[in-house]
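File shown: target-v4.txt. Contents: compact mmCIF, C-alpha atoms.
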# COMPACT_ATOMS: atom_id res chain seq x y z
CA MET A 1 146.77 159.39 122.82
CA LYS A 2 148.52 156.08 123.07
CA ASN A 3 152.20 156.15 122.30
CA GLU A 4 153.71 153.14 120.61
CA LEU A 5 155.79 151.04 122.94
CA ILE A 6 158.97 149.36 121.87
CA LEU A 7 158.53 145.63 122.30
CA SER A 8 160.26 142.50 121.08
CA LYS A 9 158.37 140.17 118.73
CA LYS A 10 158.24 137.52 121.43
CA SER A 11 156.48 139.87 123.84
CA LYS A 12 154.12 141.12 121.15
CA ASP A 13 153.21 137.54 120.25
CA PHE A 14 152.62 136.72 123.88
CA LEU A 15 150.29 139.69 124.35
CA GLY A 16 148.41 138.79 121.17
CA ASN A 17 148.00 135.21 122.36
CA LEU A 18 146.90 136.37 125.81
CA ARG A 19 144.23 138.56 124.25
CA VAL A 20 142.91 135.65 122.14
CA TYR A 21 143.07 133.28 125.11
CA LEU A 22 141.09 135.59 127.38
CA PHE A 23 138.60 136.40 124.62
CA SER A 24 137.98 132.73 123.89
CA SER A 25 137.60 132.13 127.62
CA GLY A 26 134.67 134.56 127.52
CA LYS A 27 136.17 137.40 129.56
CA LYS A 28 135.01 141.02 129.38
CA GLN A 29 136.54 142.98 126.54
CA ASP A 30 137.41 146.09 128.64
CA GLU A 31 139.03 143.98 131.32
CA ILE A 32 141.06 142.14 128.69
CA GLU A 33 142.28 145.43 127.23
CA GLU A 34 143.15 146.70 130.70
CA ILE A 35 145.30 143.76 131.73
CA VAL A 36 146.93 143.49 128.29
CA ASP A 37 147.80 147.22 128.35
CA GLU A 38 149.21 146.89 131.86
CA LEU A 39 151.37 143.93 130.89
CA GLU A 40 152.47 145.69 127.73
CA ILE A 41 153.85 148.55 129.80
CA HIS A 42 155.50 146.11 132.19
CA LEU A 43 157.10 144.10 129.37
CA SER A 44 158.42 147.20 127.63
CA GLU A 45 159.95 148.56 130.84
CA ALA A 46 161.40 145.15 131.66
CA GLU A 47 162.91 144.82 128.20
CA ARG A 48 164.40 148.30 128.51
CA ASP A 49 166.08 147.06 131.68
CA GLY A 50 167.37 144.01 129.84
CA LYS A 51 165.09 141.41 131.43
CA SER A 52 163.91 138.39 129.48
CA ILE A 53 160.22 137.66 128.97
CA GLU A 54 160.63 134.49 131.11
CA LYS A 55 161.48 136.71 134.06
CA ILE A 56 158.04 138.28 133.72
CA ILE A 57 155.67 135.50 132.78
CA GLY A 58 157.61 132.46 133.94
CA LYS A 59 158.59 129.43 131.89
CA SER A 60 155.10 128.48 130.73
CA PRO A 61 153.04 131.18 128.99
CA LYS A 62 150.05 128.84 129.16
CA GLU A 63 150.21 128.59 132.94
CA TYR A 64 150.51 132.33 133.20
CA MET A 65 147.52 132.90 130.92
CA GLU A 66 145.48 130.48 133.03
CA MET A 67 146.49 132.29 136.19
CA VAL A 68 145.31 135.64 134.79
CA SER A 69 142.15 134.09 133.37
CA ASN A 70 141.20 132.54 136.71
CA GLU A 71 141.03 135.98 138.31
CA MET A 72 138.68 137.42 135.69
CA VAL A 73 134.91 136.97 135.57
CA ILE A 74 133.16 135.43 132.59
CA ASP A 75 131.01 137.80 130.58
CA TYR A 76 127.91 135.64 130.00
CA ARG A 77 125.94 138.47 128.40
CA THR A 78 128.43 139.00 125.61
CA TRP A 79 128.70 135.25 125.07
CA PHE A 80 124.97 135.04 124.71
CA LYS A 81 125.08 137.89 122.22
CA TYR A 82 127.70 136.13 120.07
CA ILE A 83 125.76 132.89 120.13
CA CYS A 84 122.53 134.62 119.08
CA ILE A 85 124.25 136.53 116.30
CA ILE A 86 125.92 133.45 114.86
CA ILE A 87 122.78 131.32 115.02
CA PHE A 88 120.53 134.03 113.56
CA GLY A 89 123.24 134.84 111.03
CA THR A 90 123.28 131.29 109.71
CA PHE A 91 119.48 131.29 109.67
CA SER A 92 119.42 134.43 107.54
CA PHE A 93 121.56 132.67 104.92
CA THR A 94 118.69 130.28 104.29
CA ILE A 95 115.78 132.60 105.01
CA PHE A 96 116.44 135.10 102.20
CA PRO A 97 116.83 132.67 99.28
CA ASP A 98 113.81 130.75 100.58
CA LEU A 99 111.71 133.91 100.85
CA LEU A 100 112.35 134.79 97.21
CA GLU A 101 110.97 131.40 96.26
CA GLY A 102 107.77 131.89 98.20
CA ASN A 103 106.50 131.35 101.71
CA LEU A 104 108.75 129.84 104.32
CA SER A 105 108.40 126.31 105.60
CA TYR A 106 110.88 124.45 107.75
CA SER A 107 110.82 121.06 109.38
CA VAL A 108 111.42 120.78 113.11
CA LEU A 109 114.61 118.84 112.35
CA GLU A 110 115.90 121.72 110.19
CA ILE A 111 115.31 124.30 112.89
CA ILE A 112 116.80 122.24 115.70
CA GLY A 113 119.66 121.07 113.49
CA HIS A 114 120.46 124.68 112.63
CA ILE A 115 120.67 125.70 116.26
CA VAL A 116 122.74 122.63 117.18
CA ILE A 117 125.19 123.17 114.32
CA GLY A 118 125.50 126.85 115.21
CA THR A 119 126.29 125.92 118.80
CA ILE A 120 128.81 123.26 117.74
CA PHE A 121 130.48 125.79 115.46
CA ILE A 122 130.78 128.38 118.23
CA ALA A 123 132.11 125.85 120.72
CA SER A 124 134.67 124.48 118.27
CA ALA A 125 135.74 127.96 117.17
CA PHE A 126 136.36 129.11 120.74
CA ALA A 127 138.11 125.87 121.69
CA GLY A 128 140.27 126.13 118.56
CA LEU A 129 141.18 129.75 119.30
CA LYS A 130 142.04 128.91 122.88
CA TYR A 131 144.15 125.94 121.83
CA SER A 132 146.07 127.82 119.17
CA SER A 133 146.81 130.69 121.57
CA THR A 134 148.52 128.46 124.13
CA ALA A 135 150.16 125.65 122.19
CA ASN A 136 153.31 126.41 120.28
CA GLN A 137 152.48 124.79 116.98
CA SER A 138 153.68 125.38 113.46
CA PHE A 139 151.92 127.73 111.08
CA LYS A 140 150.83 124.70 109.04
CA LYS A 141 149.21 122.97 112.00
CA GLN A 142 147.36 126.17 112.99
CA GLY A 143 146.04 126.52 109.45
CA PHE A 144 144.93 122.91 109.58
CA ILE A 145 142.98 123.47 112.79
CA LEU A 146 141.31 126.64 111.49
CA ALA A 147 140.40 124.95 108.20
CA GLY A 148 138.89 122.08 110.16
CA ILE A 149 136.77 124.48 112.20
CA ALA A 150 135.58 126.20 109.01
CA ILE A 151 134.77 122.96 107.19
CA LEU A 152 132.99 121.28 110.12
CA PRO A 153 129.75 123.32 109.91
CA ILE A 154 129.62 122.93 106.10
CA VAL A 155 129.86 119.15 106.47
CA LEU A 156 127.23 119.21 109.22
CA PHE A 157 124.85 121.37 107.15
CA VAL A 158 125.16 119.05 104.15
CA GLY A 159 124.54 116.14 106.52
CA LEU A 160 121.45 117.93 107.84
CA ILE A 161 120.04 118.34 104.33
CA TYR A 162 120.32 114.59 103.71
CA LEU A 163 119.05 113.71 107.17
CA ASN A 164 116.06 115.96 106.61
CA ARG A 165 115.21 114.02 103.45
CA ALA A 166 115.57 110.68 105.20
CA ILE A 167 113.70 111.44 108.41
CA ASP A 168 110.19 112.84 108.47
CA THR A 169 109.57 115.41 111.17
CA PRO A 170 106.61 117.79 111.44
CA THR A 171 106.97 120.80 109.15
CA ILE A 172 106.02 124.31 110.14
CA HIS A 173 104.49 126.29 107.29
CA PHE A 174 104.50 130.05 107.52
CA GLY A 175 101.76 132.03 105.78
CA ASN A 176 102.17 135.22 103.73
CA MET A 177 102.02 137.49 106.74
CA SER A 178 104.34 135.54 109.00
CA SER A 179 106.84 134.98 106.16
CA LEU A 180 106.86 138.72 105.56
CA ILE A 181 107.35 139.45 109.27
CA ILE A 182 110.24 136.98 109.48
CA GLY A 183 111.76 138.60 106.39
CA ILE A 184 111.53 142.06 107.96
CA ILE A 185 112.94 140.91 111.30
CA THR A 186 115.83 139.19 109.53
CA THR A 187 116.54 142.31 107.45
CA LEU A 188 116.52 144.52 110.55
CA PHE A 189 118.77 142.02 112.32
CA ILE A 190 121.31 141.99 109.48
CA ILE A 191 121.34 145.78 109.27
CA GLY A 192 121.75 145.97 113.04
CA VAL A 193 124.66 143.53 113.08
CA SER A 194 126.31 145.35 110.17
CA ILE A 195 126.11 148.68 111.98
CA TRP A 196 127.29 147.11 115.24
CA THR A 197 130.28 145.35 113.68
CA LYS A 198 130.91 148.22 111.22
CA SER A 199 131.20 145.68 108.43
CA TRP A 200 128.99 145.02 105.43
CA ILE A 201 130.26 141.49 104.93
CA LEU A 202 126.99 139.84 106.01
CA VAL A 203 124.89 142.03 103.67
CA ILE A 204 127.24 141.49 100.74
CA ILE A 205 127.47 137.71 101.16
CA ILE A 206 123.71 137.33 101.51
CA ALA A 207 123.13 139.56 98.47
CA LEU A 208 125.63 137.54 96.44
CA LEU A 209 124.05 134.27 97.55
CA THR A 210 120.50 135.41 96.83
CA LEU A 211 120.35 137.97 94.06
CA PRO A 212 122.11 136.22 91.11
CA ASP A 213 119.72 133.25 91.33
CA TYR A 214 116.70 135.48 91.68
CA LEU A 215 117.61 137.88 88.88
CA LEU A 216 118.63 135.11 86.49
CA ASN A 217 115.32 133.40 87.13
CA LEU A 218 113.58 136.43 85.68
CA THR A 219 115.50 136.10 82.40
CA THR A 220 115.00 133.51 79.69
CA VAL A 221 118.52 132.09 80.00
CA GLN A 222 118.71 128.28 80.03
CA HIS A 223 118.54 126.66 83.44
CA GLU A 224 122.05 125.07 83.31
CA THR A 225 123.60 128.31 82.15
CA GLN A 226 121.76 130.10 84.98
CA LEU A 227 123.29 127.74 87.54
CA ILE A 228 126.80 128.21 86.19
CA ILE A 229 126.51 131.99 85.97
CA SER A 230 125.01 132.37 89.44
CA THR A 231 127.72 130.17 91.00
CA ILE A 232 130.47 132.17 89.29
CA VAL A 233 128.89 135.48 90.31
CA THR A 234 128.41 134.34 93.93
CA PHE A 235 131.87 132.96 94.58
CA GLY A 236 133.64 135.42 92.29
CA GLY A 237 131.83 138.24 94.06
CA ILE A 238 132.80 137.01 97.52
CA ALA A 239 136.41 136.57 96.39
CA ILE A 240 136.50 140.08 94.94
CA TYR A 241 134.94 141.52 98.10
CA LEU A 242 137.52 139.81 100.34
CA TRP A 243 140.32 140.94 98.04
CA ILE A 244 139.15 144.56 98.06
CA SER A 245 138.61 144.67 101.82
CA SER A 246 142.06 143.19 102.51
CA LYS A 247 143.57 145.84 100.20
CA LEU A 248 141.67 148.58 102.04
CA LYS A 249 142.87 147.24 105.39
CA LYS A 250 146.50 147.23 104.27
CA ASN A 251 146.25 150.81 103.06
CA LYS A 252 144.92 152.01 106.43
CA MET B 1 158.59 122.57 148.16
CA SER B 2 159.71 125.34 145.85
CA THR B 3 160.03 128.95 146.88
CA THR B 4 157.18 129.83 144.53
CA GLN B 5 154.80 127.59 146.46
CA MET B 6 155.97 128.99 149.79
CA LEU B 7 155.53 132.53 148.49
CA LYS B 8 151.85 132.10 147.73
CA GLY B 9 149.89 134.34 150.04
CA ILE B 10 153.02 136.01 151.31
CA ILE B 11 153.47 138.10 148.16
CA ASP B 12 149.90 139.35 148.63
CA GLY B 13 150.80 140.79 152.01
CA CYS B 14 154.04 142.26 150.72
CA LEU B 15 152.20 143.98 147.89
CA LEU B 16 149.72 145.48 150.35
CA ALA B 17 152.63 146.80 152.41
CA ILE B 18 154.32 148.29 149.34
CA ILE B 19 151.09 149.92 148.13
CA LYS B 20 150.42 151.36 151.59
CA ASP B 21 153.41 153.70 151.52
CA LYS B 22 152.51 155.42 148.30
CA GLU B 23 150.63 154.91 145.06
CA VAL B 24 152.63 152.57 142.86
CA TYR B 25 152.27 150.96 139.43
CA GLY B 26 152.98 147.35 138.53
CA TYR B 27 156.54 147.58 137.34
CA GLU B 28 157.56 149.64 140.36
CA MET B 29 156.09 146.98 142.67
CA ALA B 30 158.02 144.21 140.94
CA GLU B 31 161.22 146.25 141.15
CA LYS B 32 160.68 146.89 144.84
CA LEU B 33 160.03 143.23 145.59
CA GLU B 34 163.21 142.38 143.76
CA SER B 35 165.21 144.96 145.64
CA TYR B 36 164.05 143.32 148.89
CA GLY B 37 165.47 140.03 147.68
CA PHE B 38 162.59 138.26 145.94
CA HIS B 39 164.52 137.22 142.87
CA SER B 40 163.04 133.86 142.01
CA PHE B 41 159.44 134.79 141.31
CA SER B 42 158.10 135.82 137.89
CA GLU B 43 157.25 139.51 137.94
CA GLY B 44 154.02 139.01 136.03
CA THR B 45 152.49 136.99 138.86
CA ILE B 46 151.70 140.24 140.65
CA TYR B 47 148.98 141.06 138.10
CA PRO B 48 146.63 138.15 138.80
CA LEU B 49 147.13 138.95 142.51
CA LEU B 50 146.32 142.61 141.93
CA LEU B 51 143.23 141.63 139.94
CA ARG B 52 142.03 139.56 142.87
CA MET B 53 142.81 142.20 145.47
CA GLN B 54 140.92 144.72 143.35
CA LYS B 55 137.94 142.40 143.14
CA GLU B 56 138.03 141.91 146.90
CA GLY B 57 138.10 145.67 147.37
CA LEU B 58 141.52 145.79 149.04
CA VAL B 59 143.07 148.06 146.43
CA VAL B 60 141.83 150.54 143.84
CA SER B 61 143.54 151.65 140.67
CA THR B 62 143.67 154.86 138.68
CA LEU B 63 145.21 155.60 135.32
CA LYS B 64 147.80 158.38 135.35
CA GLU B 65 149.81 160.10 132.69
CA SER B 66 153.47 159.24 132.59
CA THR B 67 156.29 161.15 130.97
CA ALA B 68 157.47 158.04 129.12
CA GLY B 69 154.74 156.47 127.04
CA PRO B 70 151.15 155.47 127.75
CA LYS B 71 149.13 155.89 130.94
CA ARG B 72 150.16 153.73 133.87
CA LYS B 73 147.81 152.06 136.30
CA TYR B 74 148.56 153.18 139.84
CA TYR B 75 147.31 151.24 142.83
CA SER B 76 146.37 152.52 146.27
CA LEU B 77 145.05 150.87 149.43
CA THR B 78 141.42 151.04 150.55
CA PRO B 79 140.46 151.08 154.26
CA LYS B 80 139.59 147.41 153.83
CA GLY B 81 143.05 146.84 152.38
CA GLU B 82 144.66 148.51 155.39
CA LEU B 83 142.75 146.20 157.72
CA GLU B 84 143.85 143.21 155.66
CA LEU B 85 147.45 144.42 155.84
CA ASN B 86 147.28 144.67 159.64
CA GLU B 87 145.86 141.18 159.81
CA PHE B 88 148.59 139.94 157.51
CA ILE B 89 151.27 141.48 159.71
CA GLU B 90 149.79 139.77 162.75
CA ARG B 91 149.51 136.42 160.98
CA TRP B 92 153.00 136.74 159.62
CA ASN B 93 154.58 137.60 163.00
CA ASN B 94 152.85 134.63 164.54
CA LEU B 95 153.91 132.28 161.78
CA GLN B 96 157.44 133.57 161.70
CA SER B 97 157.99 133.20 165.46
CA ASN B 98 156.45 129.72 165.44
CA VAL B 99 158.55 128.53 162.52
CA ASN B 100 161.65 130.02 164.10
CA LYS B 101 160.91 128.30 167.40
CA VAL B 102 160.43 124.95 165.66
CA LEU B 103 163.58 125.30 163.63
CA ARG B 104 165.67 126.47 166.60
CA CYS B 105 164.56 123.75 169.00
CA GLU B 106 164.56 120.91 166.48
CA SER B 107 167.91 121.75 164.98
CA ASP B 108 169.35 122.16 168.51
CA THR B 109 168.39 118.61 169.48
CA LYS B 110 169.65 117.32 166.15
CA ASP B 111 172.97 119.04 166.67
CA THR B 112 173.45 117.48 170.08
CA LYS B 113 172.47 114.07 168.72
CA GLY B 114 174.93 114.55 165.88
CA ALA B 115 177.61 115.60 168.33
CA GLU B 116 177.06 112.49 170.41
CA ILE B 117 177.42 110.25 167.39
CA ILE B 118 180.70 111.85 166.50
CA GLU B 119 181.98 111.58 170.05
CA GLU B 120 181.18 107.87 170.14

Represent the structure of the file as structure tokens.
Amino acid sequence: MKNELILSKKSKDFLGNLRVYLFSSGKKQDEIEEIVDELEIHLSEAERDGKSIEKIIGKSPKEYMEMVSNEMVIDYRTWFKYICIIIFGTFSFTIFPDLLEGNLSYSVLEIIGHIVIGTIFIASAFAGLKYSSTANQSFKKQGFILAGIAILPIVLFVGLIYLNRAIDTPTIHFGNMSSLIIGIITTLFIIGVSIWTKSWILVIIIALLTLPDYLLNLTTVQHETQLIISTIVTFGGIAIYLWISSKLKKNK
Amino acid sequence: MSTTQMLKGIIDGCLLAIIKDKEVYGYEMAEKLESYGFHSFSEGTIYPLLLRMQKEGLVVSTLKESTAGPKRKYYSLTPKGELELNEFIERWNNLQSNVNKVLRCESDTKDTKGAEIIEE
């Protein structure tokens, strides 16, 4: 069992930032935990002896983080895993609603654009995390950076939709069988990710994005009313889910 | 040149020497270095060095229970580490005697020159 160590806020913040910095530098999770644990013990013993954090990590936390990072190997396998999950994850957001409307068909531009946007998102997210873990900025500025990272892919996806209308690229049409197979693979993938991450967020968001539209389509409700209801249900549902899960987390 | 720059490489050898005597954990090593007079360096710098020495197979670490708090990581020397320590000692003795010779001879001549100027 791990006993709680007594640590100042400054030291705790530093360890938190170190963890984020090493993670966004693509280092192995176990190795990160190991070095962070070791430093945690060192910092708590040093503080008990009345030493300042500067005595331990020097004047520049950033330099110290770099020094530690340089001695650790990059975990390419895990990186690859994250990249695949994020790219497939974004694909599944479009695949399910499209499947309910019939067979799948995507233009080459859509497929490539999807992969490129996914990659840009991952790169910007990691760069943003790394930056915010080393620089000493205000809370406001950090929020600004994170919001920018979140908005960037949305803007790019909207841009892709318009670009796809403007430029004609060959379209790949999937038949009944291949659409079904893609649907099954995507379902298995989502279930797998949910079990692996122990979170149902992906399933819930996809269900909220897909099901209201689909179910309302089966009713005789007017088209405009359908649109309004499905939007409210989707975003209201996501908001409620996030609210409930944050409550559950706090109670833990 | 700052002391920190001069210390690079030297701390490695000192750590090997400290680990050789008995299994030690990080904080103990830093304390020992300090007790020998290394006050100016940041204690945390030993960890990147230990990571590298572990990767190079010079030291190994084991987690051990401690009476106060969580498990500590204790380091001990491998046979390869002992060889490296012996090489370090040789290198250091060489370097030290050379630097001393330079400083002794050069400052001697300077002193005499200085003395002449004053006499004139």

Check: which chain A residues lie within 8 Å of chain B using only C-alpha atoms, as number ranges by chain: A: 1-5, 35, 38-39, 41-42, 45-46, 54-58, 64, 67-68, 71-72

Residues within 10 Å of region 205-216 of chain A, only C-alpha atoms, excluding chain neighbours under 5 positions, as a ChimeraX atom specification: /A:89,92-101,190,200,221-223,225-227,229-238,241

Nearest-residue call for Val24 (chain B), choices B:Asp12, B:Leu95, B:Leu63, B:Ser107, using only C-alpha atoms: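 Answer, going by the shortest atom-to-atom distance: B:Leu63.
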
Nearby residues (all atoms listed in the file) at most 9 Å from Lys20 (chain B), same-chain spacing under 5 positions excluded, as a PyMOL selection string: chain B and resi 15+76-77+81-82+85

Top pick for closest residue to Ala125 (chain A), considering A:Ala147, A:Ile85, A:Thr219, A:Lys62 and counting all atoms listed in the file: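 Of all the options, A:Ala147 lies closest to Ala125 (chain A).
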
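Taking CA of Tyr74 (chain B) and CA of Ser61 (chain B) as endpoints, the distance between them is 5.3 Å.
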
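Nearest residue to Thr3 (chain B), choosing from B:Ala17, B:Asn86, B:Asn93, B:Phe38 and counting only C-alpha atoms: B:Phe38.
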
Computed interatomic separation between CA of Leu129 (chain A) and CA of Glu33 (chain A) (Å): 17.6 Å

Shell around region 171-187 of chain A at 7 Å using only C-alpha atoms, local window under 6 positions removed, as a ChimeraX atom specification: /A:92,103-108

One-decimal distance in Å that lies between CA of Ser11 (chain A) and CA of Ser60 (chain A):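 It comes out at 13.4 Å.
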
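Proximity of A:Ser132, A:Asn70, A:Pro153, A:Trp243 to Ile86 (chain A), computed with all atoms listed in the file, is greatest for A:Pro153.
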
Among listed residues A:Ser245, A:Gln29, A:Asn217, A:Thr90, nearest Gly118 (chain A) (using only C-alpha atoms):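 Going through A:Ser245, A:Gln29, A:Asn217, A:Thr90 one by one, the smallest distance to Gly118 (chain A) is for A:Thr90.
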
Non-local contacts of region 160-166 of chain A (8 Å; all atoms listed in the file; under 2 positions in same chain excluded) as a ChimeraX atom specification: /A:107,109-110,113,156-158,168-169
